[in-house]
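*Asks:* mmCIF, C-alpha atoms, file work-v1.cif:
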data_model
#
loop_
_atom_site.label_atom_id
_atom_site.label_comp_id
_atom_site.auth_asym_id
_atom_site.auth_seq_id
_atom_site.Cartn_x
_atom_site.Cartn_y
_atom_site.Cartn_z
CA MET T 1399 9.94 -4.21 29.18
CA PRO T 1400 6.57 -4.99 27.53
CA HIS T 1401 4.23 -2.05 27.34
CA THR T 1402 1.06 -0.83 25.75
CA HIS T 1403 0.21 2.70 24.79
CA PRO T 1404 -2.96 4.43 26.05
CA SER T 1405 -3.76 5.77 22.60
CA LEU T 1406 -3.96 2.28 21.07
CA ARG T 1407 -7.58 1.66 21.99
CA PRO T 1408 -9.80 2.53 19.03
CA ASP T 1409 -13.41 1.48 19.50
CA ARG T 1410 -14.31 -1.24 17.00
CA ARG T 1411 -17.67 0.44 16.52
CA ARG T 1412 -15.90 3.60 15.41
CA VAL T 1413 -13.57 1.69 13.11
CA ARG T 1414 -16.73 0.26 11.55
CA LEU T 1415 -15.25 -1.07 8.32
CA ALA T 1416 -13.81 -4.16 9.94
CA THR T 1417 -13.57 -5.93 6.59
CA VAL T 1418 -11.07 -3.32 5.43
CA ALA T 1419 -8.69 -4.54 8.12
CA SER T 1420 -5.65 -2.70 6.83
CA THR T 1421 -7.21 0.73 6.28
CA VAL T 1422 -8.18 3.48 8.69
CA LEU T 1423 -11.63 5.07 8.58
CA LEU T 1424 -11.27 8.85 8.48
CA SER T 1425 -14.66 10.60 8.23
CA LEU T 1426 -12.93 13.95 7.97
CA ALA T 1427 -12.94 16.95 5.69
CA VAL T 1428 -9.80 17.17 3.58
CA GLY T 1429 -7.80 20.36 3.24
CA VAL T 1430 -4.21 21.10 2.31
CA LEU T 1431 -3.16 22.26 5.76
CA PRO T 1432 -5.85 22.27 8.44
CA ALA T 1433 -5.74 24.90 11.15
CA GLY T 1434 -3.72 23.70 14.10
CA ALA T 1435 -1.72 21.24 12.05
CA ALA T 1436 1.27 19.64 13.68
CA ALA T 1437 4.58 21.43 13.27
CA PRO T 1438 6.95 19.76 10.82
CA PRO T 1439 10.08 18.07 12.09
CA SER T 1440 13.32 20.00 12.23
CA HIS T 1441 15.35 20.64 9.05
CA SER T 1442 12.33 21.79 7.01
CA VAL T 1443 13.28 21.61 3.34
CA PRO T 1444 11.38 23.08 0.37
CA ALA T 1445 10.21 20.79 -2.41
CA ALA T 1446 12.57 19.84 -5.19
CA ALA T 1447 11.02 19.34 -8.61
CA SER T 1448 11.76 18.61 -12.23
CA THR T 1449 9.59 18.77 -15.32
CA VAL T 1450 9.50 17.03 -18.68
CA SER T 1451 8.09 19.27 -21.39
CA GLY T 1452 4.86 18.48 -23.18
CA THR T 1453 1.28 19.62 -23.42
CA SER T 1454 -1.02 18.79 -20.51
CA ASP T 1455 -2.86 20.25 -17.56
CA LEU T 1456 -0.10 19.81 -14.96
CA ASP T 1457 -0.18 22.80 -12.61
CA ARG T 1458 3.35 22.58 -11.26
CA LYS T 1459 2.99 25.48 -8.84
CA ALA T 1460 -0.12 23.99 -7.26
CA LEU T 1461 1.39 20.52 -7.13
CA ARG T 1462 4.44 21.85 -5.32
CA ALA T 1463 2.32 23.80 -2.82
CA SER T 1464 0.14 20.78 -2.12
CA LEU T 1465 3.16 18.48 -1.69
CA ASP T 1466 4.84 20.95 0.67
CA ALA T 1467 1.63 21.07 2.70
CA PHE T 1468 1.98 17.32 3.30
CA HIS T 1469 5.38 17.93 4.92
CA GLN T 1470 4.11 20.98 6.80
CA ALA T 1471 1.31 18.87 8.25
CA GLY T 1472 3.89 16.66 9.99
CA MET T 1473 5.12 14.10 7.45
CA TYR T 1474 8.91 13.79 7.63
CA GLY T 1475 9.45 13.61 3.89
CA ALA T 1476 7.90 12.50 0.61
CA TYR T 1477 8.68 12.08 -3.08
CA THR T 1478 6.26 11.96 -5.95
CA SER T 1479 5.77 11.75 -9.69
CA VAL T 1480 2.73 12.94 -11.64
CA ARG T 1481 2.18 12.23 -15.34
CA ASP T 1482 -0.33 13.56 -17.82
CA GLY T 1483 0.12 12.45 -21.40
CA SER T 1484 3.75 13.09 -22.28
CA GLU T 1485 4.40 15.52 -19.45
CA ARG T 1486 5.81 14.56 -16.07
CA TRP T 1487 6.36 16.49 -12.84
CA ARG T 1488 8.54 15.08 -10.07
CA GLY T 1489 8.78 16.57 -6.62
CA ALA T 1490 10.27 15.98 -3.20
CA THR T 1491 9.68 17.64 0.14
CA GLY T 1492 11.01 17.37 3.66
CA VAL T 1493 13.82 15.18 4.93
CA ALA T 1494 15.10 11.68 4.24
CA ASP T 1495 16.91 11.55 7.58
CA ILE T 1496 15.51 13.43 10.57
CA GLY T 1497 18.85 13.19 12.35
CA THR T 1498 21.03 14.82 9.69
CA GLY T 1499 18.44 16.82 7.77
CA ARG T 1500 19.38 15.13 4.49
CA PRO T 1501 16.76 16.35 2.02
CA MET T 1502 14.43 14.14 0.06
CA ARG T 1503 15.01 13.55 -3.67
CA PRO T 1504 12.35 12.70 -6.26
CA ASP T 1505 14.24 9.69 -7.62
CA TYR T 1506 14.75 7.79 -4.35
CA GLU T 1507 14.01 4.06 -4.25
CA HIS T 1508 11.29 3.05 -1.83
CA ARG T 1509 9.66 -0.03 -0.32
CA ILE T 1510 6.25 -0.17 -2.02
CA GLY T 1511 4.58 -2.79 0.17
CA SER T 1512 1.26 -4.10 -1.11
CA ILE T 1513 1.61 -2.52 -4.54
CA THR T 1514 3.62 -5.72 -5.06
CA LYS T 1515 0.24 -7.46 -5.25
CA THR T 1516 -0.55 -5.83 -8.58
CA PHE T 1517 2.68 -7.23 -10.03
CA THR T 1518 1.94 -10.70 -8.62
CA SER T 1519 -1.59 -10.62 -10.00
CA VAL T 1520 -0.31 -9.64 -13.47
CA ALA T 1521 2.01 -12.66 -13.40
CA VAL T 1522 -0.83 -15.00 -12.42
CA LEU T 1523 -3.06 -13.58 -15.17
CA GLN T 1524 -0.31 -14.16 -17.72
CA GLN T 1525 -0.49 -17.82 -16.76
CA VAL T 1526 -4.27 -17.70 -17.02
CA ALA T 1527 -3.87 -16.49 -20.60
CA LYS T 1528 -1.61 -19.48 -21.31
CA GLY T 1529 -4.18 -21.91 -19.91
CA ARG T 1530 -1.97 -23.04 -17.03
CA ILE T 1531 -4.17 -21.47 -14.33
CA ASP T 1532 -7.97 -21.33 -14.16
CA LEU T 1533 -9.21 -18.40 -12.08
CA ASP T 1534 -12.25 -20.34 -10.93
CA ALA T 1535 -10.46 -23.59 -10.14
CA PRO T 1536 -9.93 -24.55 -6.48
CA VAL T 1537 -6.47 -23.70 -5.23
CA GLY T 1538 -6.26 -27.24 -3.88
CA ASP T 1539 -6.13 -28.49 -7.46
CA TYR T 1540 -2.69 -26.88 -7.72
CA LEU T 1541 -1.42 -26.92 -4.13
CA PRO T 1542 -3.22 -29.74 -2.30
CA GLU T 1543 -0.60 -30.11 0.41
CA LEU T 1544 -0.33 -26.38 1.07
CA VAL T 1545 -4.09 -25.69 1.22
CA PRO T 1546 -5.75 -29.00 2.14
CA GLY T 1547 -9.27 -29.95 3.10
CA GLU T 1548 -12.39 -27.88 2.58
CA ARG T 1549 -10.51 -24.68 1.89
CA GLY T 1550 -8.44 -26.36 -0.77
CA ARG T 1551 -11.66 -27.54 -2.42
CA LYS T 1552 -13.69 -24.32 -2.12
CA VAL T 1553 -11.20 -21.44 -2.26
CA THR T 1554 -10.57 -20.51 -5.89
CA VAL T 1555 -7.64 -18.68 -7.42
CA ARG T 1556 -9.94 -15.70 -8.02
CA MET T 1557 -10.81 -15.62 -4.31
CA LEU T 1558 -7.13 -15.36 -3.46
CA LEU T 1559 -6.62 -12.44 -5.81
CA ASN T 1560 -9.70 -10.45 -4.74
CA HIS T 1561 -9.39 -11.26 -1.01
CA THR T 1562 -12.66 -13.16 -0.66
CA SER T 1563 -11.01 -16.46 0.33
CA GLY T 1564 -11.92 -16.32 4.01
CA ILE T 1565 -8.26 -16.99 4.83
CA ALA T 1566 -6.80 -14.89 7.65
CA ASP T 1567 -3.76 -12.62 7.53
CA TYR T 1568 -0.49 -13.92 8.97
CA ILE T 1569 0.96 -10.60 10.15
CA LEU T 1570 0.05 -10.79 13.84
CA PRO T 1571 1.01 -14.47 14.18
CA ALA T 1572 4.33 -13.71 12.47
CA PHE T 1573 5.00 -10.79 14.86
CA PRO T 1574 3.21 -11.91 18.06
CA LYS T 1575 4.97 -9.39 20.32
CA LEU T 1576 3.46 -6.49 18.37
CA LEU T 1577 0.60 -6.45 20.89
CA THR T 1578 2.84 -6.21 23.94
CA ASP T 1579 6.26 -4.95 22.87
CA PRO T 1580 5.96 -3.36 19.41
CA GLN T 1581 9.50 -2.03 19.13
CA GLY T 1582 10.95 -5.27 20.43
CA ALA T 1583 8.89 -7.25 17.92
CA LEU T 1584 10.11 -5.18 14.97
CA ASP T 1585 13.71 -5.13 16.18
CA GLU T 1586 13.77 -8.92 16.60
CA GLY T 1587 12.38 -9.44 13.10
CA ARG T 1588 14.82 -7.15 11.33
CA PHE T 1589 17.08 -9.93 9.98
CA ARG T 1590 14.76 -12.92 10.42
CA GLU T 1591 14.18 -15.20 7.41
CA LEU T 1592 10.65 -16.55 6.98
CA ALA T 1593 9.72 -19.12 4.34
CA PRO T 1594 6.51 -18.48 2.34
CA GLU T 1595 5.15 -21.88 3.34
CA GLN T 1596 5.57 -20.89 6.99
CA LEU T 1597 3.63 -17.65 6.40
CA VAL T 1598 0.82 -19.58 4.72
CA ARG T 1599 0.57 -21.99 7.65
CA LEU T 1600 0.29 -19.07 10.06
CA GLY T 1601 -2.50 -17.55 7.99
CA LEU T 1602 -4.39 -20.82 7.65
CA GLU T 1603 -4.21 -21.44 11.40
CA ALA T 1604 -5.41 -17.94 12.34
CA GLU T 1605 -9.04 -17.01 12.87
CA PRO T 1606 -10.62 -15.76 9.62
CA GLN T 1607 -11.54 -12.09 9.47
CA ALA T 1608 -14.66 -12.72 7.39
CA PRO T 1609 -16.49 -15.72 5.92
CA ARG T 1610 -15.46 -17.04 2.54
CA GLY T 1611 -17.03 -14.98 -0.24
CA THR T 1612 -16.74 -11.70 1.69
CA TYR T 1613 -13.89 -9.24 1.10
CA ALA T 1614 -11.27 -9.25 3.84
CA TYR T 1615 -7.75 -8.10 2.98
CA ALA T 1616 -5.11 -10.71 3.83
CA ASN T 1617 -1.48 -10.90 2.76
CA THR T 1618 -1.70 -14.70 3.02
CA ASN T 1619 -3.68 -14.77 -0.23
CA TYR T 1620 -0.78 -13.34 -2.21
CA ILE T 1621 1.85 -15.55 -0.62
CA ILE T 1622 -0.26 -18.49 -1.81
CA ALA T 1623 -0.51 -16.84 -5.24
CA GLY T 1624 3.29 -16.68 -5.37
CA LEU T 1625 3.58 -20.37 -4.53
CA LEU T 1626 0.99 -21.09 -7.22
CA LEU T 1627 3.21 -19.28 -9.73
CA LYS T 1628 6.14 -21.39 -8.60
CA LYS T 1629 4.13 -24.58 -9.09
CA VAL T 1630 2.97 -23.84 -12.64
CA THR T 1631 6.12 -22.12 -13.97
CA GLY T 1632 8.86 -24.09 -12.22
CA GLN T 1633 10.54 -20.77 -11.30
CA GLU T 1634 10.82 -18.92 -8.03
CA PRO T 1635 7.93 -16.43 -8.17
CA GLU T 1636 10.21 -13.43 -7.64
CA SER T 1637 12.30 -14.52 -10.63
CA TYR T 1638 9.25 -15.05 -12.82
CA ILE T 1639 7.77 -11.65 -11.90
CA THR T 1640 11.12 -9.98 -12.55
CA GLU T 1641 11.49 -11.54 -15.99
CA HIS T 1642 7.91 -11.41 -17.24
CA VAL T 1643 6.43 -8.35 -15.55
CA ILE T 1644 9.14 -5.94 -14.41
CA ARG T 1645 11.41 -6.38 -17.45
CA LYS T 1646 8.46 -6.54 -19.84
CA ALA T 1647 7.38 -3.15 -18.52
CA GLY T 1648 10.94 -1.81 -18.90
CA LEU T 1649 11.18 -0.75 -15.26
CA ARG T 1650 14.77 0.07 -14.32
CA HIS T 1651 14.50 0.63 -10.57
CA THR T 1652 11.92 -1.98 -9.52
CA TYR T 1653 13.00 -5.25 -7.90
CA PHE T 1654 12.66 -7.77 -5.13
CA PRO T 1655 15.48 -7.03 -2.65
CA ARG T 1656 18.02 -9.80 -2.13
CA SER T 1657 19.12 -8.56 1.27
CA ALA T 1658 17.77 -6.48 4.12
CA ARG T 1659 19.11 -3.34 2.45
CA ILE T 1660 17.75 -1.25 -0.40
CA ARG T 1661 20.46 -1.19 -3.05
CA GLY T 1662 19.91 2.32 -4.46
CA PRO T 1663 19.68 5.81 -2.92
CA HIS T 1664 16.78 5.92 -0.46
CA ALA T 1665 15.37 7.61 2.60
CA LYS T 1666 15.26 6.30 6.11
CA MET T 1667 11.83 4.89 6.93
CA TYR T 1668 10.27 5.62 10.31
CA GLU T 1669 7.61 3.58 12.11
CA SER T 1670 5.47 5.03 14.92
CA LEU T 1671 2.78 2.33 15.25
CA TYR T 1672 0.12 4.83 16.37
CA GLY T 1673 2.41 6.25 19.06
CA ALA T 1674 3.53 2.93 20.53
CA ILE T 1675 7.06 3.56 19.25
CA GLU T 1676 8.22 6.95 20.50
CA PRO T 1677 10.20 8.45 18.94
CA ALA T 1678 9.48 6.84 15.58
CA ARG T 1679 12.24 4.37 14.67
CA ASP T 1680 14.03 3.76 11.34
CA TYR T 1681 13.28 0.38 9.74
CA SER T 1682 14.64 0.99 6.26
CA VAL T 1683 17.02 -1.95 6.76
CA TYR T 1684 14.76 -4.99 7.03
CA ASN T 1685 14.59 -8.58 5.78
CA MET T 1686 11.45 -8.56 3.64
CA SER T 1687 10.96 -12.33 3.51
CA TRP T 1688 7.95 -11.75 5.77
CA ALA T 1689 6.24 -9.93 2.86
CA GLY T 1690 7.39 -11.85 -0.23
CA THR T 1691 5.03 -11.76 -3.22
CA ALA T 1692 2.50 -9.89 -1.07
CA GLY T 1693 4.64 -6.84 -0.34
CA ALA T 1694 8.44 -7.05 -0.59
CA MET T 1695 9.20 -5.02 -3.70
CA VAL T 1696 11.23 -1.82 -4.07
CA SER T 1697 10.49 0.77 -6.78
CA THR T 1698 10.46 4.47 -7.62
CA MET T 1699 7.51 6.74 -8.20
CA ASN T 1700 8.42 7.13 -11.89
CA ASP T 1701 8.51 3.35 -12.33
CA LEU T 1702 5.13 2.95 -10.66
CA ASN T 1703 3.53 5.47 -13.00
CA ASP T 1704 5.09 3.71 -15.98
CA PHE T 1705 3.84 0.36 -14.70
CA TYR T 1706 0.22 1.37 -14.20
CA ARG T 1707 0.12 3.23 -17.51
CA GLN T 1708 1.28 0.11 -19.34
CA LEU T 1709 -1.01 -2.18 -17.36
CA LEU T 1710 -4.16 -0.13 -17.92
CA GLY T 1711 -3.14 0.42 -21.53
CA GLY T 1712 -3.21 -3.33 -22.14
CA LYS T 1713 0.53 -3.80 -22.71
CA LEU T 1714 1.24 -6.29 -19.91
CA ILE T 1715 -1.75 -8.62 -20.15
CA GLY T 1716 -4.43 -9.25 -22.74
CA ALA T 1717 -7.80 -7.53 -22.93
CA ALA T 1718 -9.66 -10.53 -21.48
CA GLU T 1719 -7.27 -10.75 -18.51
CA LEU T 1720 -7.45 -7.00 -17.92
CA ARG T 1721 -11.26 -7.26 -17.79
CA GLU T 1722 -10.92 -9.98 -15.15
CA MET T 1723 -8.48 -7.82 -13.20
CA LYS T 1724 -10.98 -4.95 -13.23
CA THR T 1725 -13.92 -7.11 -12.12
CA THR T 1726 -14.40 -5.91 -8.55
CA VAL T 1727 -16.11 -6.63 -5.26
CA PRO T 1728 -16.99 -3.96 -2.66
CA ALA T 1729 -14.15 -3.39 -0.21
CA TYR T 1730 -16.58 -2.66 2.60
CA GLU T 1731 -20.30 -2.70 3.29
CA PRO T 1732 -21.67 0.80 2.62
CA GLU T 1733 -24.48 2.46 4.50
CA GLU T 1734 -27.95 1.70 3.20
CA GLY T 1735 -28.65 3.64 0.04
CA GLN T 1736 -24.99 4.45 -0.61
CA GLU T 1737 -22.48 2.90 -2.99
CA ALA T 1738 -19.14 1.46 -1.96
CA ALA T 1739 -16.57 4.09 -2.91
CA MET T 1740 -13.76 1.51 -2.99
CA ARG T 1741 -13.91 -1.77 -4.91
CA TYR T 1742 -11.22 -4.43 -5.17
CA GLY T 1743 -10.43 -6.41 -8.31
CA LEU T 1744 -7.56 -8.83 -8.85
CA GLY T 1745 -4.61 -7.06 -7.23
CA LEU T 1746 -6.02 -3.73 -8.36
CA TYR T 1747 -8.67 -1.51 -6.83
CA THR T 1748 -10.81 1.36 -7.98
CA LEU T 1749 -11.51 4.30 -5.71
CA LYS T 1750 -13.93 7.20 -5.98
CA MET T 1751 -12.16 10.45 -5.13
CA PRO T 1752 -13.75 13.73 -3.96
CA ASP T 1753 -13.78 15.12 -7.51
CA GLY T 1754 -16.23 12.34 -8.42
CA GLY T 1755 -13.78 10.45 -10.61
CA TRP T 1756 -12.90 6.77 -10.23
CA TYR T 1757 -9.20 5.91 -10.26
CA TRP T 1758 -7.35 2.60 -10.47
CA GLY T 1759 -4.26 1.47 -8.60
CA HIS T 1760 -3.09 0.25 -5.21
CA ASP T 1761 -1.40 1.44 -2.05
CA GLY T 1762 1.18 -0.16 0.17
CA GLY T 1763 2.62 0.08 3.63
CA VAL T 1764 5.49 -1.67 5.35
CA PHE T 1765 7.22 -0.76 8.58
CA GLY T 1766 8.23 2.86 8.05
CA ALA T 1767 7.27 3.28 4.38
CA GLY T 1768 3.99 4.23 2.73
CA THR T 1769 3.19 4.39 -0.99
CA TRP T 1770 0.12 5.25 -3.04
CA ALA T 1771 -0.18 4.95 -6.84
CA LEU T 1772 -3.36 5.73 -8.79
CA SER T 1773 -4.25 6.24 -12.44
CA THR T 1774 -7.13 7.36 -14.58
CA GLN T 1775 -8.94 4.46 -16.22
CA ASP T 1776 -7.50 5.22 -19.65
CA GLY T 1777 -3.96 5.31 -18.24
CA ARG T 1778 -3.32 8.89 -19.38
CA ARG T 1779 -2.79 10.47 -15.96
CA GLN T 1780 -1.00 8.92 -12.96
CA ALA T 1781 0.12 10.08 -9.55
CA ALA T 1782 2.40 8.15 -7.19
CA ILE T 1783 3.74 9.22 -3.81
CA GLY T 1784 6.07 7.61 -1.28
CA TYR T 1785 6.69 8.83 2.27
CA ASN T 1786 8.73 7.86 5.28
CA LEU T 1787 6.60 7.99 8.45
CA MET T 1788 4.00 5.29 9.06
CA LYS T 1789 1.03 4.89 11.40
CA TYR T 1790 1.19 8.51 12.42
CA GLU T 1791 -2.50 8.58 13.40
CA ARG T 1792 -3.41 9.07 17.05
CA TYR T 1793 -6.46 8.03 19.06
CA ALA T 1794 -8.11 9.25 22.25
CA GLU T 1795 -8.55 7.02 25.31
CA ASP T 1796 -12.02 5.98 24.16
CA GLY T 1797 -10.72 5.05 20.71
CA THR T 1798 -11.97 8.17 18.94
CA PRO T 1799 -9.65 9.20 16.07
CA LEU T 1800 -7.92 12.49 16.82
CA PRO T 1801 -7.58 15.15 14.10
CA ASP T 1802 -5.21 13.87 11.41
CA PRO T 1803 -3.65 16.72 9.43
CA ILE T 1804 -1.10 14.38 7.82
CA GLY T 1805 -3.72 12.05 6.36
CA GLN T 1806 -5.81 15.01 5.25
CA ALA T 1807 -2.90 16.60 3.44
CA LEU T 1808 -1.96 13.31 1.78
CA PHE T 1809 -5.47 12.75 0.47
CA ALA T 1810 -5.68 16.37 -0.70
CA TYR T 1811 -2.43 16.01 -2.63
CA MET T 1812 -3.43 12.80 -4.40
CA SER T 1813 -6.95 14.03 -5.14
CA GLY T 1814 -5.65 17.22 -6.71
CA ALA T 1815 -2.81 15.54 -8.58
CA LEU T 1816 -5.21 13.11 -10.23
CA SER T 1817 -8.03 15.52 -10.99
CA GLY T 1818 -5.74 18.25 -12.29
CA THR T 1819 -6.84 20.73 -9.63
CA PRO T 1820 -4.34 20.54 -6.73
CA ALA T 1821 -5.59 22.40 -3.70
CA GLU T 1822 -3.96 25.75 -2.99
CA ARG T 1823 -4.49 28.34 -0.28
CA ALA T 1824 -2.99 31.64 0.68
CA PRO T 1825 -0.61 31.62 3.67
CA GLY T 1826 -2.47 32.00 6.95
CA THR T 1827 -5.90 31.15 5.57
CA ALA T 1828 -8.05 28.13 6.31
CA PRO T 1829 -8.32 25.39 3.70
CA VAL T 1830 -11.47 24.74 1.73
CA PRO T 1831 -12.66 21.36 3.05
CA VAL T 1832 -13.53 18.52 0.70
CA PRO T 1833 -15.86 15.86 2.20
CA VAL T 1834 -14.38 12.38 2.09
CA PRO T 1835 -17.11 9.88 3.12
CA LEU T 1836 -15.06 6.75 2.50
CA PRO T 1837 -12.31 4.63 4.03
CA LEU T 1838 -9.04 6.23 3.10
CA PRO T 1839 -6.30 3.86 1.93
CA VAL T 1840 -3.44 5.90 3.36
CA PRO T 1841 -2.06 3.30 2.91
CA GLN T 1842 -2.45 -0.41 3.75
CA ARG T 1843 -1.93 -0.84 7.47
CA LEU T 1844 -0.18 -4.09 8.35
CA ILE T 1845 -1.67 -3.61 11.79
CA ALA T 1846 -5.00 -1.81 11.96
CA PRO T 1847 -5.39 0.33 15.08
CA GLU T 1848 -8.32 -1.68 16.44
CA GLN T 1849 -6.11 -4.78 16.49
CA LEU T 1850 -3.97 -3.15 19.19
CA ARG T 1851 -6.76 -2.73 21.71
CA ARG T 1852 -5.86 -3.93 25.19
#
What would you get if you wrote out this structure as structure tokens?
*Replies:*
Amino acid sequence: MPHTHPSLRPDRRRVRLATVASTVLLSLAVGVLPAGAAAPPSHSVPAAASTVSGTSDLDRKALRASLDAFHQAGMYGAYTSVRDGSERWRGATGVADIGTGRPMRPDYEHRIGSITKTFTSVAVLQQVAKGRIDLDAPVGDYLPELVPGERGRKVTVRMLLNHTSGIADYILPAFPKLLTDPQGALDEGRFRELAPEQLVRLGLEAEPQAPRGTYAYANTNYIIAGLLLKKVTGQEPESYITEHVIRKAGLRHTYFPRSARIRGPHAKMYESLYGAIEPARDYSVYNMSWAGTAGAMVSTMNDLNDFYRQLLGGKLIGAAELREMKTTVPAYEPEEGQEAAMRYGLGLYTLKMPDGGWYWGHDGGVFGAGTWALSTQDGRRQAAIGYNLMKYERYAEDGTPLPDPIGQALFAYMSGALSGTPAERAPGTAPVPVPVPLPLPVPQRLIAPEQLRR
């Protein structure tokens, strides 16, 4: 029976960063475990961790406490890897299966969603270096039948990669029942096969989120980028990326899945859709053809840290291409007199964290799985985290965001892991808040809450 949920009515004025369609604005103070935080699910499990020796500033005790706080705030389970120089800390907390209590492990494979875009962009930039693709050429020069007319003439390859194309996302057209019967829509799509050309048509036919030249995140851009790779290389884009990006980086547990199942050990992945699916439902088995070169990949947190270290260290693309990748546009329009604290490049963004530092990376979200991977600019320090409950945020009847201890704890963990000062607090005491005046990518929301207004 179709239904809507009363909490799915966020006011568009409150979710003011409409151009960041797949993020949630949280103008909250961040602490490790806010007072009144939600109780964790049953089968609470302490963090597991391992360490590789070296000399760095990794505070393993603080990292473990901060990671456990993420689970204590209500996240089912999470796994993470933090690197500084030659030293690495891996941790896991909570449960991989809320039914059996199976504990999380640091080495689990995970659906990384939109982090796939960084890999796709690297592949395109490799072709730029070979002279086969011009970043400022119209996409219609390469794919005239796929992107015809004015858009084919005026949308450049660069606009695809930095989301300024003015092309809409295809997610809602591909899952039209999400607005009326969310669980039914996801269940029906579990084993459905969608061709990339079909996804592009859906995006081109949908109403644009912003005019061309303005940032508006859309998965359609990266499906087109994949088809562009196919055109200039003669290979399926997933095969090209595997051979020339994943293998070049030496990643052993990163791949495009060939079936609806993840091939290695992994957690179940639970989707709540802002409370519309109660209880949250496992979607770890899913045909990812709907995401393709925009978001289908599987990886581990170790592999992601290795990838971003090599990328930012100039080992996957040349210096000129890396400069292009790091040429950014604001990801939202800031208040007058303020700077945009998030800027998007070519499949890579930079984000200003509460410690004042700017970090590079990407985040990703698919049904049931969230991932966030960031690195210092010099590639020395990385933090990556994957977790298995998505769209856990809740909203009041008028659309006001309710307190979000899970998002707060996630941001606190990543901020501390990257800055080298993970937040700690004594049991029973209130956290020290850290102001976060920016849109939190926690992480890319396939469906932003304001899209579910009825």
*Asks:* With distances taken over all atoms listed in the file, which of T:Glu1543, T:Asp1680, T:Glu1641, T:Glu1603 is nearest to Gln1581 in chain T?
*Replies:* T:Asp1680
*Asks:* Per residue of range 1654-1746 of chain T within 10 Å of range 1478-1497 of chain T, what are the shortest atom pair and its distance in Å to one decimal, counting only C-alpha atoms, with rows by chain and residue number, as a Markdown table?
*Replies:*
| residue | atom | partner | partner_atom | distance |
| --- | --- | --- | --- | --- |
| T:His1664 | CA | T:Ala1494 | CA | 7.6 |
| T:Ala1665 | CA | T:Ala1494 | CA | 4.4 |
| T:Lys1666 | CA | T:Asp1495 | CA | 5.7 |
| T:Met1667 | CA | T:Ala1494 | CA | 8.0 |
| T:Tyr1668 | CA | T:Asp1495 | CA | 9.3 |
| T:Asp1680 | CA | T:Asp1495 | CA | 9.1 |
| T:Thr1698 | CA | T:Thr1478 | CA | 8.7 |
| T:Met1699 | CA | T:Ser1479 | CA | 5.5 |
| T:Asn1700 | CA | T:Ser1479 | CA | 5.8 |
| T:Asp1701 | CA | T:Ser1479 | CA | 9.2 |
| T:Leu1702 | CA | T:Ser1479 | CA | 8.9 |
| T:Asn1703 | CA | T:Arg1481 | CA | 7.3 |
| T:Asp1704 | CA | T:Arg1481 | CA | 9.0 |
| T:Arg1707 | CA | T:Arg1481 | CA | 9.5 |
*Asks:* Let me know the residues the PyMOL selection byres ((chain T and resi 1709-1716) around 12) catches in the file above, as an MDAnalysis selection string.
*Replies:* chainID T and resid 1516:1517 1519:1528 1639 1642:1648 1702:1708 1717:1724 1745:1746 1757:1759 1772:1780
*Asks:* Separation of CA of Trp1756 in chain T and CA of Glu1737 in chain T, in Å?
*Replies:*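 Atom-to-atom, CA of Trp1756 in chain T to CA of Glu1737 in chain T, that is 12.6 Å.
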*Asks:* With the PyMOL selection byres ((chain T and resi 1558-1560) around 10) as the selection, what would be picked from this file? Answer as an NGL selection string, please.
*Replies:* :T and (1515-1516 or 1518-1519 or 1522 or 1533 or 1537 or 1553-1557 or 1561-1565 or 1611-1623 or 1723 or 1725-1729 or 1741-1747)
*Asks:* Provide an axis-aligned box for all listed atoms of range 1712-1719 of chain T, padding each side by 8 Å; report its centre and its edge lengths in Å to one decimal, as lines of an AutoDock Vina configuration file.
*Replies:*
center_x = -4.2
center_y = -7.0
center_z = -20.7
size_x = 26.9
size_y = 23.4
size_z = 20.4
